[in-house]
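Asker: This is my_file34.txt (compact mmCIF, C-alpha atoms and all ligand atoms).
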# COMPACT_ATOMS: atom_id res chain seq x y z
CA MET A 1 0.00 0.00 0.00
CA LYS A 2 1.14 3.51 -0.82
CA LEU A 3 0.18 6.27 1.59
CA HIS A 4 0.39 9.87 0.53
CA TYR A 5 -0.22 12.36 3.34
CA TRP A 6 -1.99 15.23 1.60
CA GLY A 7 -2.41 17.16 4.85
CA THR A 8 -1.01 16.77 8.36
CA GLY A 9 -2.48 19.68 10.33
CA ALA A 10 -5.36 19.93 12.78
CA ALA A 11 -8.53 21.97 12.27
CA GLU A 12 -6.86 25.36 12.00
CA GLY A 13 -3.79 24.23 10.03
CA ILE A 14 -0.26 25.54 10.66
CA PRO A 15 0.00 28.47 10.41
CA SER A 16 -3.45 28.95 11.85
CA ALA A 17 -5.38 31.34 9.63
CA PHE A 18 -5.55 34.29 12.01
CA CYS A 19 -2.70 33.47 14.41
CA ASN A 20 0.66 35.10 14.89
CA CYS A 21 2.12 32.86 17.63
CA LYS A 22 5.74 31.68 17.42
CA VAL A 23 4.83 28.37 15.76
CA CYS A 24 2.72 30.13 13.12
CA GLN A 25 5.35 32.84 12.55
CA GLU A 26 8.00 30.19 12.00
CA ALA A 27 5.76 28.30 9.57
CA ARG A 28 5.15 31.48 7.55
CA GLU A 29 8.89 32.28 7.47
CA LYS A 30 10.23 28.81 6.67
CA GLY A 31 7.36 27.34 4.62
CA GLY A 32 7.86 23.79 3.28
CA ARG A 33 7.40 21.10 5.91
CA TYR A 34 6.60 23.70 8.58
CA VAL A 35 3.27 24.41 6.87
CA ARG A 36 0.47 21.93 7.53
CA GLY A 37 -2.94 21.83 5.82
CA ARG A 38 -5.92 19.96 7.22
CA SER A 39 -5.30 16.24 7.62
CA GLN A 40 -6.11 13.69 4.97
CA VAL A 41 -4.31 10.76 3.43
CA MET A 42 -4.61 9.14 0.00
CA ILE A 43 -4.07 5.39 -0.22
CA ASP A 44 -2.98 3.81 -3.52
CA ASP A 45 -4.58 6.71 -5.41
CA GLU A 46 -7.89 4.88 -4.82
CA LEU A 47 -9.11 5.57 -1.32
CA LEU A 48 -9.07 8.99 0.31
CA VAL A 49 -9.34 9.24 4.09
CA ASP A 50 -11.26 12.40 5.02
CA PHE A 51 -12.68 15.16 2.90
CA GLY A 52 -11.88 18.53 4.46
CA ALA A 53 -11.99 21.98 2.94
CA ASP A 54 -8.39 21.66 1.65
CA THR A 55 -9.25 18.65 -0.54
CA TYR A 56 -9.42 20.54 -3.82
CA GLN A 57 -6.13 22.41 -3.33
CA ASN A 58 -4.47 19.28 -1.95
CA SER A 59 -5.49 17.31 -5.05
CA LEU A 60 -3.85 19.95 -7.25
CA LYS A 61 -0.65 19.87 -5.18
CA ALA A 62 -0.63 16.07 -5.33
CA GLY A 63 -1.23 16.02 -9.07
CA TYR A 64 -4.29 13.87 -8.44
CA ASN A 65 -7.34 13.97 -10.66
CA LEU A 66 -10.39 13.89 -8.39
CA SER A 67 -12.56 12.68 -11.30
CA GLN A 68 -10.98 9.24 -10.77
CA LEU A 69 -11.95 9.04 -7.08
CA GLY A 70 -14.78 6.70 -6.09
CA ASP A 71 -14.46 6.20 -2.34
CA VAL A 72 -13.78 8.36 0.69
CA LEU A 73 -13.60 7.22 4.31
CA ILE A 74 -14.78 9.86 6.77
CA THR A 75 -13.28 9.56 10.24
CA HIS A 76 -15.72 12.04 11.80
CA THR A 77 -17.74 15.12 11.02
CA HIS A 78 -15.59 18.00 12.27
CA GLU A 79 -15.24 20.41 9.37
CA ASP A 80 -11.52 19.78 8.88
CA HIS A 81 -12.43 16.18 7.96
CA TYR A 82 -15.85 16.56 6.41
CA TYR A 83 -16.71 19.36 4.01
CA PRO A 84 -19.52 18.08 1.78
CA GLN A 85 -20.15 21.62 0.51
CA GLU A 86 -17.43 20.91 -2.11
CA LEU A 87 -19.74 18.26 -3.56
CA HIS A 88 -21.99 20.92 -5.09
CA ASN A 89 -19.29 20.93 -7.78
CA ARG A 90 -20.20 17.32 -8.56
CA GLN A 91 -23.75 18.15 -9.65
CA LYS A 92 -24.92 17.56 -13.21
CA GLY A 93 -23.63 20.30 -15.47
CA PHE A 94 -20.57 20.98 -13.30
CA CYS A 95 -18.40 17.94 -14.16
CA TYR A 96 -18.16 15.34 -16.92
CA ASP A 97 -16.60 11.97 -17.75
CA MET A 98 -15.82 10.89 -14.19
CA GLU A 99 -14.58 7.35 -13.64
CA TYR A 100 -17.43 6.71 -11.20
CA PRO A 101 -20.83 8.42 -11.59
CA ALA A 102 -21.08 8.71 -7.80
CA ILE A 103 -18.50 9.43 -5.17
CA THR A 104 -19.27 7.34 -2.08
CA LEU A 105 -18.59 8.75 1.37
CA HIS A 106 -18.29 6.00 3.96
CA GLY A 107 -18.62 6.70 7.67
CA SER A 108 -20.86 6.46 10.71
CA SER A 109 -24.54 7.48 10.60
CA ASN A 110 -23.40 10.93 11.73
CA ILE A 111 -22.15 11.67 8.18
CA VAL A 112 -25.78 11.55 7.01
CA GLU A 113 -27.07 13.82 9.78
CA LYS A 114 -24.26 16.35 9.33
CA TYR A 115 -24.53 16.19 5.52
CA TYR A 116 -27.94 17.82 5.65
CA ASP A 117 -26.73 20.33 8.27
CA TYR A 118 -23.66 21.36 6.32
CA MET A 119 -25.55 21.52 3.03
CA ALA A 120 -28.10 23.82 4.70
CA GLY A 121 -31.07 21.85 3.42
CA ASN A 122 -29.76 21.77 -0.17
CA GLY A 123 -28.00 18.40 -0.43
CA GLN A 124 -30.68 15.90 -1.38
CA TYR A 125 -30.45 16.76 -5.09
CA LEU A 126 -26.89 15.34 -5.30
CA LEU A 127 -28.12 12.02 -3.91
CA ASP A 128 -31.12 12.09 -6.28
CA GLN A 129 -28.83 12.80 -9.24
CA GLY A 130 -26.71 9.76 -8.30
CA ARG A 131 -23.62 11.94 -7.94
CA VAL A 132 -23.09 11.33 -4.20
CA VAL A 133 -23.73 8.24 -2.07
CA LEU A 134 -23.60 8.24 1.73
CA SER A 135 -22.71 4.76 2.98
CA VAL A 136 -23.25 4.14 6.69
CA MET A 137 -20.96 1.69 8.47
CA LYS A 138 -21.17 0.14 11.92
CA PRO A 139 -18.18 -0.24 14.23
CA TYR A 140 -16.43 -3.63 14.35
CA GLU A 141 -18.05 -4.76 11.04
CA LYS A 142 -15.92 -5.66 8.02
CA TYR A 143 -16.53 -3.83 4.73
CA LYS A 144 -15.18 -4.30 1.22
CA ILE A 145 -14.54 -0.91 -0.33
CA GLY A 146 -13.00 -1.13 -3.79
CA ASN A 147 -9.83 -3.21 -3.40
CA PHE A 148 -9.67 -2.65 0.36
CA LYS A 149 -11.05 -4.33 3.45
CA VAL A 150 -12.04 -1.76 6.04
CA ILE A 151 -13.03 -2.14 9.69
CA PRO A 152 -14.26 0.99 11.49
CA LEU A 153 -13.59 1.08 15.24
CA PRO A 154 -14.82 3.63 17.79
CA ALA A 155 -12.47 6.60 18.21
CA THR A 156 -12.23 8.66 21.40
CA HIS A 157 -13.21 12.05 20.00
CA GLY A 158 -15.74 14.78 20.62
CA THR A 159 -18.23 14.06 17.83
CA VAL A 160 -21.06 11.54 17.42
CA SER A 161 -19.75 8.07 16.46
CA PRO A 162 -16.22 8.96 15.29
CA PHE A 163 -14.18 6.17 13.71
CA VAL A 164 -10.57 5.10 13.43
CA TYR A 165 -9.91 2.63 10.63
CA VAL A 166 -8.21 -0.71 10.08
CA ILE A 167 -7.49 -0.79 6.32
CA SER A 168 -6.11 -3.87 4.52
CA LYS A 169 -5.09 -4.70 0.96
CA ASN A 170 -2.81 -7.32 -0.59
CA GLY A 171 -1.74 -8.76 2.76
CA LYS A 172 -0.82 -5.39 4.29
CA THR A 173 -2.75 -3.70 7.09
CA ILE A 174 -2.64 -0.16 8.42
CA PHE A 175 -4.33 1.47 11.40
CA TYR A 176 -5.29 5.10 10.80
CA LEU A 177 -5.95 6.65 14.13
CA ASN A 178 -6.99 10.25 14.00
CA ASP A 179 -8.76 12.18 15.24
CA SER A 180 -8.64 10.32 18.51
CA GLY A 181 -7.39 10.33 22.04
CA VAL A 182 -6.24 7.08 23.62
CA LEU A 183 -8.66 4.36 22.49
CA LYS A 184 -11.04 2.91 25.07
CA GLN A 185 -10.19 -0.49 26.52
CA PRO A 186 -13.02 -2.42 24.77
CA VAL A 187 -11.55 -1.33 21.41
CA VAL A 188 -8.07 -2.51 22.44
CA ASP A 189 -9.55 -5.75 23.78
CA TRP A 190 -11.37 -6.32 20.47
CA LEU A 191 -8.11 -5.80 18.58
CA ALA A 192 -6.32 -8.23 20.91
CA LYS A 193 -8.81 -10.95 19.97
CA SER A 194 -8.95 -10.06 16.27
CA GLY A 195 -5.71 -11.69 15.11
CA ILE A 196 -4.91 -8.50 13.18
CA LYS A 197 -1.25 -7.44 12.83
CA PHE A 198 -0.43 -3.93 11.74
CA ASP A 199 2.25 -3.08 9.18
CA LEU A 200 1.81 0.63 9.87
CA VAL A 201 0.07 2.70 12.55
CA SER A 202 -0.64 6.40 11.98
CA TYR A 203 -1.32 8.28 15.23
CA ASP A 204 -3.07 11.53 16.15
CA CYS A 205 -0.40 13.77 17.69
CA THR A 206 -2.34 17.03 17.74
CA MET A 207 -0.88 18.41 20.95
CA GLY A 208 2.85 17.94 20.33
CA MET A 209 4.57 17.12 23.62
CA MET A 210 1.49 17.47 25.83
CA ASP A 211 0.35 14.37 27.70
CA THR A 212 -3.35 14.81 26.94
CA TYR A 213 -4.44 11.58 28.61
CA HIS A 214 -3.12 12.69 31.97
CA ASP A 215 -3.66 16.46 31.57
CA TRP A 216 -7.16 16.30 30.06
CA GLY A 217 -8.38 12.87 31.20
CA GLU A 218 -9.30 9.60 29.51
CA ASN A 219 -11.90 11.27 27.26
CA ALA A 220 -9.33 13.64 25.72
CA SER A 221 -10.16 14.02 22.03
CA HIS A 222 -6.52 14.11 20.93
CA MET A 223 -3.09 12.85 21.82
CA GLY A 224 0.36 14.34 22.19
CA LEU A 225 3.52 12.24 22.01
CA PRO A 226 3.41 10.92 25.62
CA SER A 227 -0.17 9.70 25.08
CA VAL A 228 0.78 8.28 21.66
CA ILE A 229 3.53 6.26 23.36
CA MET A 230 0.99 5.05 25.92
CA MET A 231 -1.38 4.06 23.08
CA ARG A 232 1.44 2.24 21.28
CA ASP A 233 2.28 0.34 24.47
CA LYS A 234 -1.37 -0.74 24.72
CA LEU A 235 -1.38 -1.92 21.11
CA LYS A 236 1.89 -3.80 21.59
CA ALA A 237 0.48 -5.47 24.72
CA ALA A 238 -2.59 -6.41 22.66
CA GLY A 239 -0.30 -8.28 20.24
CA VAL A 240 -1.18 -6.32 17.11
CA TYR A 241 2.37 -5.10 16.45
CA LYS A 242 4.98 -6.85 14.32
CA ASP A 243 8.75 -6.48 14.79
CA ASP A 244 8.87 -4.02 11.91
CA THR A 245 5.58 -2.11 12.29
CA VAL A 246 6.04 1.46 11.07
CA ASP A 247 4.90 4.25 13.42
CA ILE A 248 3.84 7.65 12.08
CA VAL A 249 2.55 10.77 13.84
CA THR A 250 0.30 13.33 12.13
CA HIS A 251 -2.52 15.91 12.68
CA PHE A 252 -0.64 18.71 14.46
CA SER A 253 -2.00 21.90 16.00
CA HIS A 254 -0.05 25.06 16.77
CA ASN A 255 -1.49 24.76 20.31
CA GLY A 256 0.84 21.88 21.19
CA PRO A 257 4.19 22.44 22.93
CA GLU A 258 7.29 22.12 20.67
CA VAL A 259 5.08 21.31 17.70
CA GLY A 260 7.05 23.17 15.00
CA TYR A 261 8.46 20.75 12.42
CA GLY A 262 12.12 21.37 13.29
CA ASP A 263 11.55 21.13 17.05
CA PHE A 264 9.34 18.06 16.89
CA LYS A 265 11.24 15.92 14.38
CA PRO A 266 14.07 14.84 16.73
CA LEU A 267 11.60 14.31 19.60
CA ALA A 268 9.42 12.02 17.45
CA GLU A 269 12.37 10.16 15.92
CA LYS A 270 13.95 9.53 19.33
CA GLU A 271 10.81 7.55 20.20
CA GLY A 272 10.76 5.70 16.88
CA PHE A 273 8.09 7.70 15.07
CA ILE A 274 8.20 9.14 11.57
CA LEU A 275 7.00 12.74 11.59
CA ALA A 276 4.61 13.10 8.65
CA TYR A 277 4.48 16.33 6.68
CA ASP A 278 2.28 17.56 3.85
CA GLY A 279 3.30 15.58 0.77
CA TYR A 280 4.98 12.76 2.74
CA LYS A 281 4.77 9.38 0.96
CA ILE A 282 5.49 5.91 2.24
CA GLU A 283 5.00 2.45 0.70
CA ILE A 284 4.61 -0.68 2.80
ZN ZN B 1 -9.01 17.08 12.98
ZN ZN B 2 -0.40 29.98 16.08
ZN ZN B 3 -11.91 16.33 15.08
Please go through the file and, once you have read it, give me the structure as structure tokens.
Ligand SMILES: [Zn+2]
Ligand SMILES: [Zn+2]
Ligand SMILES: [Zn+2]
Answerer:
Amino acid sequence: MKLHYWGTGAAEGIPSAFCNCKVCQEAREKGGRYVRGRSQVMIDDELLVDFGADTYQNSLKAGYNLSQLGDVLITHTHEDHYYPQELHNRQKGFCYDMEYPAITLHGSSNIVEKYYDYMAGNGQYLLDQGRVVLSVMKPYEKYKIGNFKVIPLPATHGTVSPFVYVISKNGKTIFYLNDSGVLKQPVVDWLAKSGIKFDLVSYDCTMGMMDTYHDWGENASHMGLPSVIMMRDKLKAAGVYKDDTVDIVTHFSHNGPEVGYGDFKPLAEKEGFILAYDGYKIEI
């Protein structure tokens, strides 16, 4: 599987639109890997995880033709991950010759509820035209989506029914784990019994060096590196790690301590994590 991180920032991105803090100043000065758009990842040019407001610009930067996209996994309905308003541009008369007549958004039932909210009562016509399909999944069930097998699991995050995803193809399995705080024990217990082994785990590291689990409590919606390490220890104890499982951290906010790319890279690498950046690619 090939992962292409189109965006690696939290809701406000880095620099945050209206912010002039040190992290945001540095990002504006240095550019490149210091700048982070809203998080999403493309897998094998076939399956996009999350559909935030940066999707269109990210597709241009990635050289990806969105007319060839058929399936999107939605982790949850915060606007940095779910921006169905873009789909007005998929209506009849606005686009032609797509590979798939409909783009299918897969997620929890909350994607349907929030679809109508975000579209301000003007979204049904896209479903009626067959240009958009909303596909509701249940946690712990297995789904075949294109060439992938996907299992949604409950995230720990402040929206209704947020998911993290186990995604498999051709004998490789990844665990895409944002937005989320430390997963609840029943989720870890389910994984321990599943027989699943991960080739790659991609963690939410929104808050940089903050220990969100201990500072904010077990319902914290995000992690920082100390909580990520705690989550990794839980997954290792559950037996879902291999000797060579790749660890990645992503989804950064300027609110986290030492979160600037240059400051955070050595801290992440010291603990065995790859620090993702916008445009980062890895093949497993
Ligand atoms: Zn987010
Ligand atoms: Zn800032
Ligand atoms: Zn969120």
Asker: Could you build a table of the residues in region 55-94 of chain A lying no more than 12 Å from region 127-146 of chain A, giving for each the nearest pair of atoms and their separation in Å rounded to one decimal place, using all atoms listed in the file, ordered by chain and ascending residue number, as a Markdown table?
Answerer:
| residue | atom | partner | partner_atom | distance |
| --- | --- | --- | --- | --- |
| A:Ser67 | CA | A:Arg131 | CA | 11.6 |
| A:Leu69 | CA | A:Gly146 | CA | 10.7 |
| A:Gly70 | CA | A:Gly146 | CA | 8.4 |
| A:Asp71 | CA | A:Ile145 | CA | 7.4 |
| A:Val72 | CA | A:Ile145 | CA | 9.4 |
| A:Leu73 | CA | A:Ile145 | CA | 9.4 |
| A:Ile74 | CA | A:Ser135 | CA | 10.2 |
| A:Thr75 | CA | A:Met137 | CA | 11.1 |
| A:Pro84 | CA | A:Val132 | CA | 9.7 |
| A:Gln85 | CA | A:Val132 | CA | 11.7 |
| A:Glu86 | CA | A:Val132 | CA | 11.3 |
| A:Leu87 | CA | A:Val132 | CA | 7.7 |
| A:His88 | CA | A:Arg131 | CA | 9.6 |
| A:Asn89 | CA | A:Arg131 | CA | 10.0 |
| A:Arg90 | CA | A:Arg131 | CA | 6.4 |
| A:Gln91 | CA | A:Arg131 | CA | 6.4 |
| A:Lys92 | CA | A:Gln129 | CA | 7.3 |
| A:Gly93 | CA | A:Gln129 | CA | 11.1 |
| A:Phe94 | CA | A:Arg131 | CA | 10.9 |
Asker: Neighbours of ligand ZN 2 (chain B) within 12 Å, counting all atoms listed in the file, as a PyMOL selection string?
Answerer: chain A and resi 9-10+12-28+35-36+252-260
Asker: What residues of the protein or nucleic acid chains come within 8 Å of ligand ZN 1 (chain B) when you use all atoms listed in the file? Reply as an MDAnalysis selection string.
Answerer: chainID A and resid 9:11 38:39 78:81 178:179 251
Asker: Can you tell me how far CA of Lys265 (chain A) sits from CA of Leu183 (chain A), in Å to one decimal?
Answerer: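 A separation of 24.4 Å between them.
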Asker: May I ask which of the residues A:Glu113, A:Asp50, A:Asp233, A:Asp97 is the closest one to Tyr82 (chain A), counting all atoms listed in the file?
Answerer: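 Of A:Glu113, A:Asp50, A:Asp233, A:Asp97, the one nearest Tyr82 (chain A) is A:Asp50, counting all atoms listed in the file.
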Asker: Tell me, in Å to one decimal, how far CA of Thr245 (chain A) is from CA of Cys205 (chain A).
Answerer: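 So the two atoms, CA of Thr245 (chain A) and CA of Cys205 (chain A), lie 17.8 Å apart.
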Asker: If you count all atoms listed in the file, which residues fall within 9 Å of region 158-160 of chain A, apart from same-chain ones fewer than 5 positions away, as a PyMOL selection string?
Answerer: chain A and resi 76-78+108-110+180+219-221
Asker: Quote the spacing between CA of Ala62 (chain A) and CA of Tyr277 (chain A) in Å to one decimal place.
Answerer: 13.1 Å
Asker: From the set A:Glu271, A:Asp189, A:Asp204, A:Asp211, which residue has the shortest atom-to-atom contact distance to ligand ZN 3 (chain B), counting all atoms listed in the file?
Answerer: A:Asp204
Asker: Using all atoms listed in the file, which residue out of A:Phe163, A:Tyr280, A:Tyr5, A:Tyr64 lies closest to ligand ZN 3 (chain B)?
Answerer: A:Phe163
Asker: Between A:Ile229, A:Met119, A:Val246, A:Leu177, which residue has the minimum interatomic distance to Gln40 (chain A), considering only C-alpha atoms?
Answerer: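 Comparing A:Ile229, A:Met119, A:Val246, A:Leu177 against Gln40 (chain A), the winner is A:Leu177.
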Asker: List as a PDB file with C-alpha atoms, in the frame of the given file: which residues have an atom within 12 Å of (-6.6, 2.9, -8.9), counting all atoms listed in the file?
Answerer:
ATOM      1  CA  MET A   1       0.000   0.000   0.000  1.00  0.00           C
ATOM      2  CA  LYS A   2       1.140   3.510  -0.820  1.00  0.00           C
ATOM      3  CA  MET A  42      -4.610   9.140   0.000  1.00  0.00           C
ATOM      4  CA  ILE A  43      -4.070   5.390  -0.220  1.00  0.00           C
ATOM      5  CA  ASP A  44      -2.980   3.810  -3.520  1.00  0.00           C
ATOM      6  CA  ASP A  45      -4.580   6.710  -5.410  1.00  0.00           C
ATOM      7  CA  GLU A  46      -7.890   4.880  -4.820  1.00  0.00           C
ATOM      8  CA  LEU A  47      -9.110   5.570  -1.320  1.00  0.00           C
ATOM      9  CA  LEU A  48      -9.070   8.990   0.310  1.00  0.00           C
ATOM     10  CA  TYR A  64      -4.290  13.870  -8.440  1.00  0.00           C
ATOM     11  CA  ASN A  65      -7.340  13.970 -10.660  1.00  0.00           C
ATOM     12  CA  LEU A  66     -10.390  13.890  -8.390  1.00  0.00           C
ATOM     13  CA  SER A  67     -12.560  12.680 -11.300  1.00  0.00           C
ATOM     14  CA  GLN A  68     -10.980   9.240 -10.770  1.00  0.00           C
ATOM     15  CA  LEU A  69     -11.950   9.040  -7.080  1.00  0.00           C
ATOM     16  CA  GLY A  70     -14.780   6.700  -6.090  1.00  0.00           C
ATOM     17  CA  ASP A  71     -14.460   6.200  -2.340  1.00  0.00           C
ATOM     18  CA  GLU A  99     -14.580   7.350 -13.640  1.00  0.00           C
ATOM     19  CA  TYR A 100     -17.430   6.710 -11.200  1.00  0.00           C
ATOM     20  CA  GLY A 146     -13.000  -1.130  -3.790  1.00  0.00           C
ATOM     21  CA  ASN A 147      -9.830  -3.210  -3.400  1.00  0.00           C
ATOM     22  CA  PHE A 148      -9.670  -2.650   0.360  1.00  0.00           C
TER      23      PHE A 148
END
Asker: Name the residues, using the chain letters and numbers of the file, that sit within 6 Å of (-7.5, 23.5, 4.6) when counting all atoms listed in the file, and give them as a PDB file with C-alpha atoms, keeping the file's coordinate frame.
Answerer:
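Heads up, here's the output in result.pdb:
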ATOM      1  CA  GLY A  37      -2.940  21.830   5.820  1.00  0.00           C
ATOM      2  CA  ARG A  38      -5.920  19.960   7.220  1.00  0.00           C
ATOM      3  CA  ALA A  53     -11.990  21.980   2.940  1.00  0.00           C
ATOM      4  CA  ASP A  54      -8.390  21.660   1.650  1.00  0.00           C
TER       5      ASP A  54
END
Asker: Using all atoms listed in the file, pick whichever of A:Gly107, A:Gly224, A:Gly171, A:Gly181 has the shortest atom-to-atom distance to ligand ZN 3 (chain B).
Answerer: A:Gly181
Asker: Using only C-alpha atoms and all ligand atoms, which of the listed residues (A:Pro154, A:Gly32, A:Gly279, A:Pro162) sits closest to ligand ZN 3 (chain B)?
Answerer: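 So, comparing all the options, the nearest one is A:Pro162.
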Asker: Which centre and which edge lengths, in Å to one decimal, describe the axis-aligned box that holds all listed atoms of region 72-82 of chain A after 4 Å is added on each side, as AutoDock Vina command-line options?
Answerer:
--center_x -14.6 --center_y 13.8 --center_z 6.5 --size_x 14.2 --size_y 21.2 --size_z 19.6
Asker: I'd like the neighbourhood of Glu269 (chain A) as a PyMOL selection string, where a residue qualifies if any of its atoms comes within 12 Å (using all atoms listed in the file), though same-chain residues fewer than 4 positions away should be ignored.
Answerer: chain A and resi 225+246-249+261-265+273-276
